[in-house]
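Chemist: The structure follows.
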Amino acid sequence: MSSLPILELRAVGKSYGANRVLKGIDLTVQRGEIVSLIGPSGSGKTTALRCMNFLEAYDEGEVWIKGQLLGYRSAGRTERDRDSEKSIAEVRRPVAMVFQQFNLWPHMTVLGNVAAPLVLSKKAGKADAHKQALAALTRVGLAEKANAYPASLSGGQQQRVGIARALAIEPEVMLLDEPTSALDPELVEEVLSVIRSLAQDGMTMVMVTHEMNFAAKISDHVVFMEAGKIVEAGPPEQLFGNTRTPRLQQFLKPWFDRSLTSVSGVA
Ligand SMILES: Nc1ncnc2c1ncn2[C@@H]1O[C@H](COP(=O)(O)OP(=O)(O)O)[C@@H](O)[C@H]1O
Ligand SMILES: [Mg+2]
């Protein structure tokens with residue numbers, strides 16, 4: 001097995017017109033690690049995540065997946081030539097994404113949704129795709145919903161289908177963008193518990209989250225972003241227990257205030 005990082009960002013930058021929303025992001029993710037991205041709304045967390053699989057084209061720096069440059073033919077050029085869609089698909093193959101708003105197709109069954117990426121990538125015939133999709137649904141506890149349509153499921157179940165769809169491609173790293181933030185509070189735990197069980201199985205994950213207790217317990221590294229930059233990064237004990245920057249202290253204050261009044265603080 002290679003000791004290369006599974007995912008590496010080097011000075012990644014991204015602008016929308018004159019608005020530079022990522023300003024040189026460095027991040028290394030080793031196999032089996034769980035990295036949480038936290039930070040205020042608009043700080044660039046989603047954009048950073050989308051650049052990690054080239055759903056969004058970054059325009060500065062480099063993203064490397066298992067030692068392969070993602071999105072461009074060569075690194076360190078001023079004039080960046082975009083790679084072919086085929087090569088991009090090849091390089092990002094180990095990466096799967098779970099979206100904040102689930103992004104399920106309403107006209108397809110749950111099974112159809114989970115099998116779709118396999119069918120579309122032509123990596124599997126339809127029968128195999130359905131078999132793999134059913135295995136992924138079983139993994140998230142929703143095999144019995146295979147023939148249901150997304151609209152008939154709760155938000156928590158829909159997000160578990162979103163996770164199953166990501167799992168079906170047998171990813172080596174999963175990117176999760178606030179996977180529970182669109183859910184009613186009582187549905188959050190079923191989704192966190194699926195993510196927790198993937199973590200226990202050794203899945204590599206980069207997760208944007210506002211669930212601070214969860215991030216504190218599950219993460220190997222926590223990255224705090226603000227205004228397109230990483231302000232503070234380190235193990236959860238440091239970020240939550242020995243916060244160095246005033247900005248992160250300020251960001252975490254509401255959470256600390258809540259934790260003090262509840263029985264469950266940082267583990
Ligand atoms: N497609 C887009 N076009 C223009 N600006 C965008 C686009 N997506 C995001 N932005 C801007 O980029 C910044 C970072 O957004 P985002 O990555 O969504 O932050 P976060 O996920 O931390 O809330 C924001 O100022 C947002 O308005
Ligand atoms: Mg976001």
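Every chain in the structure tokens has a letter given in the order shown (A, B, ...), and although residue numbers restart at 1 in each chain, ligands are simply numbered from 1 in the order shown.
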Quick one: DSSP strand (DSSP E or B) residues in segment 70-164 of chain A, as a list in words?

Modeler: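 Answer for segment 70-164 of chain A, restricted to strand (DSSP E or B): Tyr72, Arg82, Val95, Ala96, Met97 and Val98 of chain A.
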
Chemist: Would you write out, as a tab-separated table, a table of all residues in chain A that have an atom no more than 12 Å from an atom of ligand 1, listing for each the closest atom pair and the distance in Å to one decimal, considering only C-alpha atoms and all ligand atoms and ordering rows by chain and rising residue number?

Modeler:
```
residue	atom	partner	partner_atom_place_in_ligand_line	distance
A:Gly13	CA	ligand 1	12 (O)	11.5
A:Lys14	CA	ligand 1	12 (O)	8.8
A:Ser15	CA	ligand 1	12 (O)	8.0
A:Tyr16	CA	ligand 1	4 (C)	5.1
A:Gly17	CA	ligand 1	4 (C)	7.6
A:Ala18	CA	ligand 1	4 (C)	9.7
A:Asn19	CA	ligand 1	5 (N)	7.3
A:Arg20	CA	ligand 1	12 (O)	7.8
A:Val21	CA	ligand 1	12 (O)	5.0
A:Leu22	CA	ligand 1	14 (C)	7.7
A:Lys23	CA	ligand 1	14 (C)	10.9
A:Leu37	CA	ligand 1	22 (O)	9.0
A:Ile38	CA	ligand 1	22 (O)	8.0
A:Gly39	CA	ligand 1	22 (O)	6.4
A:Pro40	CA	ligand 1	22 (O)	6.1
A:Ser41	CA	ligand 1	23 (O)	3.6
A:Gly42	CA	ligand 1	19 (O)	3.5
A:Ser43	CA	ligand 1	22 (O)	3.9
A:Gly44	CA	ligand 1	17 (O)	3.3
A:Lys45	CA	ligand 1	22 (O)	3.7
A:Thr46	CA	ligand 1	21 (O)	3.6
A:Thr47	CA	ligand 1	17 (O)	3.7
A:Ala48	CA	ligand 1	17 (O)	6.4
A:Leu49	CA	ligand 1	17 (O)	8.0
A:Arg50	CA	ligand 1	17 (O)	8.3
A:Cys51	CA	ligand 1	17 (O)	9.8
A:Leu55	CA	ligand 1	1 (N)	10.9
A:Glu56	CA	ligand 1	1 (N)	8.6
A:Ala57	CA	ligand 1	1 (N)	10.8
A:Tyr58	CA	ligand 1	17 (O)	11.9
A:Phe99	CA	ligand 1	21 (O)	11.4
A:Gln100	CA	ligand 1	21 (O)	10.0
A:Leu176	CA	ligand 1	21 (O)	11.4
A:Asp177	CA	ligand 1	21 (O)	8.0
A:Glu178	CA	ligand 1	21 (O)	8.7
A:Ser181	CA	ligand 1	21 (O)	11.7
A:Met207	CA	ligand 1	21 (O)	11.3
A:Val208	CA	ligand 1	21 (O)	8.0
A:Thr209	CA	ligand 1	21 (O)	9.7
A:His210	CA	ligand 1	22 (O)	10.7
A:Val223	CA	ligand 1	22 (O)	11.9
A:Phe224	CA	ligand 1	22 (O)	10.2
A:Met225	CA	ligand 1	22 (O)	7.7
A:Glu226	CA	ligand 1	22 (O)	7.8
A:Ala227	CA	ligand 1	14 (C)	7.7
A:Gly228	CA	ligand 1	14 (C)	7.1
A:Lys229	CA	ligand 1	22 (O)	10.5
A:Ile230	CA	ligand 1	22 (O)	11.4
```

Chemist: Among segment 63-227 of chain A, which residues does DSSP mark as helix (DSSP H, G or I) when it is run on the backbone? Keep the chain and numbering as in the structure and answer as a VMD selection string.

Modeler: chain A and resid 85 to 92 110 to 120 126 to 139 143 to 145 150 to 152 155 to 168 185 to 200 212 to 218

Chemist: Which value, in Å to one decimal, gives the distance between atom CA of Glu211 of chain A and atom CA of Ser152 of chain A?

Modeler: 26.5 Å

Chemist: Which polymer residues have any atom within 12 Å of an atom of Gly155 of chain A, counting only C-alpha atoms, with same-chain residues fewer than 6 positions away left out, as JSON, numbers by chain?

Modeler: {"A": [100, 101, 102, 103, 104, 161, 162, 179, 180, 181, 182, 183, 184, 185, 186, 187, 188, 189, 190, 191]}

Chemist: Write the residues you've just listed into a file as an mmCIF file, in the first residue's frame, and include C-alpha atoms for each of them.

Modeler:
```
data_model
loop_
_atom_site.group_PDB
_atom_site.id
_atom_site.type_symbol
_atom_site.label_atom_id
_atom_site.label_comp_id
_atom_site.auth_asym_id
_atom_site.auth_seq_id
_atom_site.Cartn_x
_atom_site.Cartn_y
_atom_site.Cartn_z
ATOM 1 C CA GLN A 100 -26.059 19.023 2.050
ATOM 2 C CA GLN A 101 -29.385 18.882 0.154
ATOM 3 C CA PHE A 102 -29.120 15.133 -0.680
ATOM 4 C CA ASN A 103 -29.510 15.778 -4.459
ATOM 5 C CA LEU A 104 -31.584 12.667 -5.094
ATOM 6 C CA VAL A 161 -29.675 7.146 0.630
ATOM 7 C CA GLY A 162 -27.249 9.945 -0.321
ATOM 8 C CA PRO A 179 -24.655 16.151 5.871
ATOM 9 C CA THR A 180 -27.102 16.884 8.702
ATOM 10 C CA SER A 181 -27.726 20.609 8.397
ATOM 11 C CA ALA A 182 -30.864 20.259 6.244
ATOM 12 C CA LEU A 183 -32.466 17.879 8.754
ATOM 13 C CA ASP A 184 -34.950 18.382 11.550
ATOM 14 C CA PRO A 185 -33.118 17.976 14.874
ATOM 15 C CA GLU A 186 -34.712 14.614 15.676
ATOM 16 C CA LEU A 187 -33.396 13.136 12.403
ATOM 17 C CA VAL A 188 -29.768 14.182 12.850
ATOM 18 C CA GLU A 189 -28.681 11.268 15.017
ATOM 19 C CA GLU A 190 -29.584 8.482 12.547
ATOM 20 C CA VAL A 191 -27.324 10.112 9.952
#
```

Chemist: What lies within 10 Å of His130 of chain A using only C-alpha atoms, ignoring chain neighbours under 5 positions off, as a list of chain:residue names?

Modeler: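 Residues meeting the cut-off are A:Leu111, A:Gly112, A:Val114, A:Ala115, A:Ala116, A:Leu118, A:Val119, A:Ala124, A:Gly125, A:Ala135, A:Ala136, A:Ala146, A:Ala168.
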
Chemist: Just want the 7 Å neighbourhood of Glu8 of chain A, counted on only C-alpha atoms, with same-chain residues fewer than 3 positions away dropped. Output as a PyMOL selection string.

Modeler: chain A and resi 5+27-29+63-65

Chemist: Enter the distance from atom CA of Val95 of chain A to atom CA of Leu4 of chain A, in Å, rounded to one decimal.

Modeler: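 Between atom CA of Val95 of chain A and atom CA of Leu4 of chain A the gap is 15.4 Å.
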
Chemist: Enter the distance from atom CA of Glu62 of chain A to atom CA of Ile25 of chain A, in Å, rounded to one decimal.

Modeler: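 These two atoms are separated by 9.6 Å.
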